[in-house]
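For reference, entry34.cif is printed below; it contains mmCIF, C-alpha atoms and all ligand atoms.
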data_work
#
loop_
_atom_site.label_atom_id
_atom_site.label_comp_id
_atom_site.auth_asym_id
_atom_site.auth_seq_id
_atom_site.Cartn_x
_atom_site.Cartn_y
_atom_site.Cartn_z
CA MET H 1 -24.08 24.32 14.58
CA GLU H 2 -24.14 25.79 18.10
CA ILE H 3 -27.49 27.45 17.48
CA LYS H 4 -29.04 24.16 16.41
CA GLU H 5 -27.62 22.51 19.55
CA GLU H 6 -29.17 25.18 21.77
CA VAL H 7 -32.59 24.64 20.16
CA ILE H 8 -32.25 20.92 20.83
CA LYS H 9 -31.06 21.50 24.42
CA GLY H 10 -33.66 24.17 25.10
CA GLY H 11 -30.98 26.76 25.87
CA MET H 12 -33.23 29.73 26.34
CA GLU H 13 -30.49 31.89 27.78
CA ALA H 14 -27.80 31.04 25.28
CA ILE H 15 -29.83 31.44 22.10
CA ARG H 16 -30.02 35.25 21.97
CA PRO H 17 -26.28 35.96 22.41
CA LEU H 18 -25.47 33.22 19.92
CA ILE H 19 -27.79 34.69 17.31
CA GLU H 20 -26.38 38.17 17.93
CA GLU H 21 -22.87 36.81 17.50
CA GLY H 22 -23.84 35.03 14.28
CA LEU H 23 -25.39 38.20 12.87
CA LYS H 24 -22.33 40.24 13.83
CA LYS H 25 -20.16 37.77 11.98
CA GLY H 26 -22.25 38.41 8.88
CA ARG H 27 -24.56 35.41 8.83
CA THR H 28 -27.98 36.10 7.33
CA ALA H 29 -31.24 35.75 9.29
CA GLU H 30 -32.36 33.14 6.71
CA ASP H 31 -29.25 31.05 7.32
CA ILE H 32 -29.65 31.14 11.11
CA LEU H 33 -33.34 30.34 10.79
CA ALA H 34 -32.55 27.28 8.67
CA GLU H 35 -30.22 26.02 11.39
CA MET H 36 -32.88 26.53 14.05
CA ILE H 37 -35.49 24.66 11.96
CA GLU H 38 -33.07 21.76 11.61
CA GLY H 39 -32.76 21.70 15.41
CA MET H 40 -36.53 21.70 15.87
CA HIS H 41 -36.90 18.81 13.45
CA GLU H 42 -34.40 16.88 15.49
CA VAL H 43 -36.46 17.65 18.60
CA GLY H 44 -39.44 16.17 16.76
CA GLU H 45 -37.50 12.97 16.18
CA LEU H 46 -36.41 12.78 19.82
CA PHE H 47 -40.03 13.25 20.89
CA GLU H 48 -41.16 10.52 18.54
CA ARG H 49 -38.49 8.13 19.83
CA LYS H 50 -39.66 8.97 23.37
CA GLU H 51 -36.22 10.29 24.27
CA TYR H 52 -37.83 13.67 24.85
CA TYR H 53 -41.06 14.24 26.76
CA VAL H 54 -43.27 17.32 26.96
CA PRO H 55 -41.06 19.34 29.37
CA GLU H 56 -37.88 19.01 27.25
CA THR H 57 -39.84 19.65 24.06
CA LEU H 58 -41.43 22.71 25.57
CA LEU H 59 -38.02 24.16 26.48
CA SER H 60 -36.89 23.66 22.89
CA ALA H 61 -40.10 25.24 21.66
CA HIS H 62 -39.56 28.31 23.85
CA THR H 63 -35.96 28.59 22.67
CA MET H 64 -37.11 28.36 19.08
CA MET H 65 -39.74 31.08 19.66
CA LEU H 66 -37.17 33.44 21.22
CA GLY H 67 -34.99 32.99 18.16
CA LEU H 68 -37.90 33.46 15.76
CA GLU H 69 -38.89 36.72 17.43
CA MET H 70 -35.32 38.02 17.10
CA LEU H 71 -35.07 37.10 13.44
CA ARG H 72 -38.53 38.15 12.33
CA PRO H 73 -37.74 41.84 11.72
CA LEU H 74 -34.56 40.90 9.89
CA LEU H 75 -36.06 38.74 7.17
CA SER H 76 -35.95 40.72 3.96
CA VAL H 77 -39.36 41.58 2.62
CA GLU H 78 -39.80 40.83 -1.07
CA LYS H 79 -41.69 43.23 -3.23
CA ALA H 80 -43.79 40.47 -4.78
CA ALA H 81 -46.40 41.26 -7.36
CA GLU H 82 -48.93 38.72 -6.16
CA ARG H 83 -49.50 39.86 -2.64
CA GLY H 84 -52.67 39.30 -0.75
CA ARG H 85 -54.24 39.52 2.66
CA VAL H 86 -53.98 36.40 4.76
CA ILE H 87 -55.22 35.20 8.12
CA VAL H 88 -53.54 32.19 9.69
CA GLY H 89 -54.18 30.29 12.88
CA ALA H 90 -54.00 26.88 14.50
CA VAL H 91 -57.34 25.19 14.85
CA GLU H 92 -59.13 24.99 18.21
CA SER H 93 -57.49 22.61 20.76
CA ASP H 94 -54.18 22.65 18.92
CA ILE H 95 -51.49 24.51 20.85
CA HIS H 96 -48.63 23.77 18.43
CA ASP H 97 -47.61 27.10 16.96
CA ILE H 98 -43.95 26.96 15.94
CA GLY H 99 -44.67 25.80 12.40
CA LEU H 100 -47.57 28.21 12.13
CA ASN H 101 -45.37 31.13 13.19
CA LEU H 102 -42.73 30.10 10.68
CA VAL H 103 -45.31 30.02 7.89
CA ALA H 104 -46.55 33.48 8.97
CA MET H 105 -42.98 34.82 8.97
CA PHE H 106 -42.16 33.41 5.54
CA LEU H 107 -45.38 34.80 4.06
CA GLU H 108 -44.72 38.17 5.63
CA ALA H 109 -41.22 38.19 4.17
CA ALA H 110 -42.74 37.33 0.79
CA GLY H 111 -44.81 40.51 0.98
CA PHE H 112 -48.19 39.17 2.14
CA GLU H 113 -50.27 41.13 4.62
CA ILE H 114 -50.45 38.69 7.51
CA TYR H 115 -52.76 38.42 10.48
CA ASN H 116 -51.59 35.63 12.74
CA LEU H 117 -54.39 34.60 15.11
CA GLY H 118 -52.08 32.24 16.98
CA ARG H 119 -52.94 28.84 18.37
CA ASP H 120 -56.10 27.20 19.68
CA VAL H 121 -58.37 29.42 17.59
CA PRO H 122 -62.11 28.65 17.75
CA THR H 123 -64.03 28.67 14.45
CA LYS H 124 -65.98 31.66 15.75
CA VAL H 125 -62.77 33.72 15.91
CA PHE H 126 -61.71 32.70 12.39
CA LEU H 127 -65.15 33.85 11.21
CA GLU H 128 -65.05 37.15 13.10
CA LYS H 129 -61.61 37.96 11.73
CA ALA H 130 -62.63 37.01 8.20
CA GLU H 131 -65.60 39.32 8.40
CA GLU H 132 -63.45 42.12 9.71
CA LEU H 133 -60.49 41.69 7.36
CA ASP H 134 -61.91 40.03 4.23
CA PRO H 135 -58.74 37.94 3.61
CA ASP H 136 -57.89 36.43 0.23
CA VAL H 137 -56.50 33.31 1.88
CA VAL H 138 -57.15 31.57 5.19
CA GLY H 139 -54.31 29.34 6.39
CA VAL H 140 -55.15 26.78 9.05
CA SER H 141 -52.65 24.66 10.93
CA ALA H 142 -53.33 21.33 12.64
CA MET H 143 -50.60 19.13 14.07
CA MET H 144 -52.64 16.25 15.45
CA SER H 145 -54.92 13.71 13.78
CA THR H 146 -57.74 14.84 16.06
CA THR H 147 -57.37 18.52 15.27
CA ALA H 148 -56.87 18.01 11.51
CA LEU H 149 -60.48 16.86 11.28
CA LYS H 150 -61.59 20.01 13.07
CA VAL H 151 -60.37 22.08 10.17
CA ARG H 152 -63.36 20.78 8.26
CA GLU H 153 -65.55 22.51 10.86
CA VAL H 154 -63.80 25.79 10.17
CA ILE H 155 -64.36 25.48 6.42
CA GLU H 156 -68.00 24.48 6.98
CA GLY H 157 -68.40 27.44 9.32
CA PHE H 158 -67.28 29.74 6.51
CA GLU H 159 -69.71 28.06 4.11
CA LYS H 160 -72.63 28.44 6.50
CA ALA H 161 -71.79 32.08 7.17
CA GLY H 162 -71.58 32.80 3.43
CA LEU H 163 -67.89 33.67 3.78
CA ARG H 164 -66.36 30.80 1.81
CA ASP H 165 -66.76 32.09 -1.73
CA GLY H 166 -64.01 34.23 -3.15
CA ARG H 167 -61.30 33.03 -0.79
CA PHE H 168 -58.92 30.14 -0.55
CA PHE H 169 -58.24 27.75 2.29
CA VAL H 170 -54.71 26.42 2.68
CA VAL H 171 -53.96 23.83 5.32
CA GLY H 172 -50.75 22.46 6.79
CA GLY H 173 -49.21 20.79 9.80
CA ALA H 174 -47.82 17.38 10.66
CA ALA H 175 -51.24 15.72 10.62
CA PHE H 176 -52.00 16.71 7.02
CA SER H 177 -51.42 15.14 3.67
CA GLU H 178 -52.49 16.26 0.23
CA GLU H 179 -55.32 13.67 0.35
CA LEU H 180 -56.63 14.72 3.75
CA ALA H 181 -56.53 18.37 2.74
CA ASP H 182 -58.63 17.48 -0.29
CA GLU H 183 -61.03 15.40 1.75
CA ILE H 184 -61.84 18.19 4.19
CA GLY H 185 -62.50 20.69 1.41
CA ALA H 186 -59.32 22.78 1.48
CA ASP H 187 -58.06 24.38 -1.73
CA ALA H 188 -54.42 23.59 -1.13
CA TYR H 189 -51.88 22.01 1.18
CA ALA H 190 -48.24 22.86 1.86
CA GLN H 191 -45.82 20.66 3.75
CA ASP H 192 -43.49 23.44 4.92
CA ALA H 193 -43.11 27.20 5.12
CA LYS H 194 -41.11 27.48 1.91
CA LYS H 195 -43.66 25.53 -0.07
CA ALA H 196 -46.41 27.57 1.60
CA VAL H 197 -45.05 30.75 0.00
CA GLU H 198 -45.13 29.11 -3.45
CA VAL H 199 -48.66 27.80 -2.90
CA PHE H 200 -49.98 31.15 -1.66
CA GLN H 201 -48.37 32.97 -4.60
CA GLU H 202 -49.91 30.49 -7.04
CA LEU H 203 -53.35 31.03 -5.50
CA MET H 204 -53.03 34.79 -5.77
CA LYS H 205 -52.24 34.43 -9.49
CA ARG H 206 -55.38 32.32 -9.88
CA ARG H 207 -57.42 35.11 -8.33
CA LYS H 208 -56.60 37.54 -11.06
C1 LIG C 1 -42.99 20.85 19.70
C2 LIG C 1 -44.10 19.87 19.90
C3 LIG C 1 -44.96 20.08 20.98
C4 LIG C 1 -44.87 21.30 21.89
C5 LIG C 1 -45.57 22.49 21.19
C6 LIG C 1 -44.96 23.84 21.51
C7 LIG C 1 -45.40 24.91 20.56
N1 LIG C 1 -45.46 26.12 21.09
O1 LIG C 1 -45.65 24.70 19.39
C8 LIG C 1 -45.64 20.79 23.16
C9 LIG C 1 -44.65 20.17 24.10
C10 LIG C 1 -46.46 21.85 23.90
C11 LIG C 1 -46.51 19.70 22.55
C12 LIG C 1 -47.66 19.22 23.14
C13 LIG C 1 -48.39 18.13 22.67
N2 LIG C 1 -48.07 17.36 21.59
CO1 LIG C 1 -46.71 17.81 20.32
N3 LIG C 1 -45.26 17.88 19.15
C14 LIG C 1 -44.26 18.74 19.03
C15 LIG C 1 -43.30 18.22 17.94
C16 LIG C 1 -42.21 17.45 18.66
C17 LIG C 1 -42.64 19.22 17.03
C18 LIG C 1 -43.56 20.21 16.31
C19 LIG C 1 -42.73 21.32 15.72
O2 LIG C 1 -42.67 22.41 16.27
N4 LIG C 1 -42.01 21.03 14.62
C20 LIG C 1 -41.11 21.96 13.95
C21 LIG C 1 -41.86 22.82 12.93
C22 LIG C 1 -40.85 23.73 12.22
O3 LIG C 1 -42.46 21.97 11.97
P1 LIG C 1 -44.04 21.80 11.82
O4 LIG C 1 -44.68 22.11 13.09
O5 LIG C 1 -44.35 20.53 11.16
O6 LIG C 1 -44.49 22.99 10.82
C23 LIG C 1 -44.17 23.01 9.44
C24 LIG C 1 -45.21 22.29 8.55
O7 LIG C 1 -46.00 21.37 9.22
C25 LIG C 1 -45.98 23.38 7.88
N5 LIG C 1 -47.15 23.96 8.54
C26 LIG C 1 -47.50 24.00 9.83
N6 LIG C 1 -48.61 24.70 10.02
C27 LIG C 1 -49.01 25.14 8.82
C28 LIG C 1 -50.11 25.91 8.42
C29 LIG C 1 -50.29 26.22 7.08
C30 LIG C 1 -51.44 27.06 6.67
C31 LIG C 1 -49.36 25.72 6.12
C32 LIG C 1 -49.58 26.00 4.69
C33 LIG C 1 -48.26 24.94 6.51
C34 LIG C 1 -48.09 24.67 7.85
O8 LIG C 1 -45.00 24.41 7.78
C35 LIG C 1 -44.27 24.47 9.01
C36 LIG C 1 -42.96 25.17 8.85
O9 LIG C 1 -42.10 24.58 7.89
C37 LIG C 1 -44.26 17.28 17.13
C38 LIG C 1 -43.56 16.17 16.34
C39 LIG C 1 -43.65 16.37 14.84
N7 LIG C 1 -43.05 15.45 14.14
O10 LIG C 1 -44.24 17.28 14.34
C40 LIG C 1 -45.19 16.75 18.22
C41 LIG C 1 -46.59 16.26 17.88
C42 LIG C 1 -47.27 17.19 16.89
N8 LIG C 1 -47.26 16.37 19.19
C43 LIG C 1 -48.06 15.38 19.43
C44 LIG C 1 -48.82 15.21 20.62
C45 LIG C 1 -49.59 13.92 20.75
C46 LIG C 1 -48.83 16.21 21.63
C47 LIG C 1 -49.58 16.17 22.96
C48 LIG C 1 -50.98 15.54 22.96
C49 LIG C 1 -48.64 15.43 23.94
C50 LIG C 1 -49.14 15.21 25.34
N9 LIG C 1 -49.14 13.96 25.66
O11 LIG C 1 -49.51 16.10 26.04
C51 LIG C 1 -49.63 17.64 23.34
C52 LIG C 1 -50.87 18.29 22.70
C53 LIG C 1 -51.12 19.69 23.03
C54 LIG C 1 -52.26 20.30 22.23
N10 LIG C 1 -53.46 20.28 22.74
O12 LIG C 1 -52.05 20.78 21.12
C55 LIG C 1 -48.09 14.39 18.27
C56 LIG C 1 -49.40 14.39 17.45
C57 LIG C 1 -49.76 13.00 17.04
C58 LIG C 1 -50.99 12.93 16.21
N11 LIG C 1 -50.83 12.42 15.00
O13 LIG C 1 -52.05 13.26 16.61
C59 LIG C 1 -46.78 14.73 17.50
C60 LIG C 1 -46.83 14.48 15.99
C61 LIG C 1 -45.65 13.87 18.13
C62 LIG C 1 -45.89 12.37 17.98
N12 LIG C 1 -45.42 11.74 16.96
O14 LIG C 1 -46.51 11.78 18.83
N13 LIG C 1 -45.99 19.25 21.37
#

Using structure tokens, write down the structure that the file contains.
Amino acid sequence: MEIKEEVIKGGMEAIRPLIEEGLKKGRTAEDILAEMIEGMHEVGELFERKEYYVPETLLSAHTMMLGLEMLRPLLSVEKAAERGRVIVGAVESDIHDIGLNLVAMFLEAAGFEIYNLGRDVPTKVFLEKAEELDPDVVGVSAMMSTTALKVREVIEGFEKAGLRDGRFFVVGGAAFSEELADEIGADAYAQDAKKAVEVFQELMKRRK
């Protein structure tokens, strides 16, 4: 559980050697990732209890990102039948991207072709990328109550530009619920990265 502890402590220097050591000892990338996610969830609880403030949380976030980057190439890519092209991004004004990156990594490992636009993505950029890439699914992340409502603007932007038909919108992030996702006109919601893979695969089946 040392890796989890380092995520909680924000041990940016310790995380890499610990992951290397774990891998050398035969642990899988998936197993290490699960431990890191557990750590990040604990950080969330500390933040909510006001035991952690932005600086501590940010250190944990950076530590988490370093770990994610190391593990990303090691996640085994499935040869899934229902693959599709996906763009994902966090809505404008939302700079939370850990969950988004996890979702992107899980989808990539499940065989999807992923374009991760990152955080704080204006509607205009979602639209430009959709025009360029013609994705089957657009995944939008929003972690705050304020930014969750902005996802509606993204979907409306697609409608106005004539880009909504023929593709699915999946939303996620701490601010979302199934109901809210429905209300803003999304096609689906997923509460975590694992569920996201199932939801995206289901949608691709529906396309056929
Ligand atoms: C880390 C963190 C930060 C970091 C972000 C670093 C980064 N690079 O991401 C920092 C310190 C920068 C930060 C800043 C702020 N934060 Co903050 N933050 C968090 C915290 C503690 C953890 C988020 C996290 O990484 N969780 C771990 C990951 C693994 O889980 P996850 O993000 O939920 O993602 C999973 C699912 O949601 C889902 N998912 C996510 N995205 C998507 C997308 C799709 C398409 C799908 C299908 C699924 C999906 O799958 C993911 C993987 O399993 C949360 C608390 C919480 N409970 O979420 C607050 C929280 C989100 N933050 C909050 C706030 C208020 C802020 C600030 C305004 C604080 C401030 N006073 O400055 C700023 C806002 C900055 C901005 N403009 O965006 C609030 C939002 C409250 C609200 N309801 O509006 C929260 C909920 C904390 C709280 N309870 O008050 N924060």

**Request:** Select, from H:Ile98, H:Leu133, H:Val88, H:Met70, the residue with the minimum atom-to-atom distance to Asn116 in chain H, counting only C-alpha atoms.
**Result:**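 Among the listed residues, the smallest separation from Asn116 in chain H belongs to H:Val88.
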
| Would you name the residues within 7 Å of ligand LIG 1 (chain C), counting all atoms listed in the file, and put them as a PyMOL selection string? | chain H and resi 37+40-41+43-45+47-48+54-55+57-58+61-62+88+93-100+102-103+139-146+170-175+189-194+196

Given the choices H:Leu46, H:Phe176, H:Ala186, H:Phe200, which gets closest to Ile114 in chain H if the distance is worked out from all atoms listed in the file?
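Among the listed residues, the smallest separation from Ile114 in chain H belongs to H:Phe200.
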
Just to confirm, what's the straight-line distance from CA of Phe112 in chain H to CA of Glu30 in chain H in Å (one decimal)?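 Here the two named atoms are 17.5 Å from each other.
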
Check your understanding: With all atoms listed in the file as the basis for distance, which of H:Asp136, H:Glu21, H:Glu78, H:Glu128 is at the shortest distance from Ala110 in chain H?
Key ->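 Once distances to Ala110 in chain H are computed over all atoms listed in the file, the minimum belongs to H:Glu78.
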
Just want the 9 Å neighbourhood of Met204 in chain H, counted on all atoms listed in the file, with same-chain residues fewer than 3 positions away dropped. Output as a short mmCIF file (atom, residue, chain, number, x, y, z; two decimals) with C-alpha atoms, in the frame of the given file.
data_model
loop_
_atom_site.label_atom_id
_atom_site.label_comp_id
_atom_site.auth_asym_id
_atom_site.auth_seq_id
_atom_site.Cartn_x
_atom_site.Cartn_y
_atom_site.Cartn_z
CA GLU H 82 -48.93 38.72 -6.16
CA ARG H 83 -49.50 39.86 -2.64
CA GLY H 84 -52.67 39.30 -0.75
CA ASP H 136 -57.89 36.43 0.23
CA VAL H 137 -56.50 33.31 1.88
CA VAL H 199 -48.66 27.80 -2.90
CA PHE H 200 -49.98 31.15 -1.66
CA GLN H 201 -48.37 32.97 -4.60
CA ARG H 207 -57.42 35.11 -8.33
CA LYS H 208 -56.60 37.54 -11.06
#

Check your understanding: Could you state the separation of CA of Ile32 in chain H and CA of Glu5 in chain H in Å, given to one decimal place?
Key ->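 Between CA of Ile32 in chain H and CA of Glu5 in chain H the gap is 12.2 Å.
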
I need the residue nearest Pro17 in chain H from this list: H:Glu56, H:Glu113, H:Gly67, H:Phe169. Use all atoms listed in the file for the distance.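 When distances to Pro17 in chain H are compared using all atoms listed in the file, the smallest one comes from H:Gly67.
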
Using the file's own x, y and z axes, what box holds all listed atoms of range 99-112 of chain H with 4 Å on each side, keeping edges along x, y and z, and what are its centre and edge lengths in Å to one decimal, as AutoDock Vina command-line options?
--center_x -44.7 --center_y 33.2 --center_z 7.0 --size_x 15.0 --size_y 22.7 --size_z 20.4

Contacts of Glu6 in chain H within 9 Å, only C-alpha atoms, excl. fewer than 2 positions in-chain, as an NGL selection string: :H and (1-4 or 8-12 or 14-15 or 36 or 39 or 60 or 63-64)

#### Entry: Nearest-residue call for Glu92 in chain H, choices H:Ala34, H:Ala148, H:Leu59, H:Met65, using all atoms listed in the file
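Ranking H:Ala34, H:Ala148, H:Leu59, H:Met65 by distance to Glu92 in chain H, first place goes to H:Ala148.
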
Among listed residues H:Val77, H:Leu68, H:Asp134, H:Gly157, nearest Gly111 in chain H (using all atoms listed in the file):
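Smallest separation from Gly111 in chain H among the options: H:Val77.
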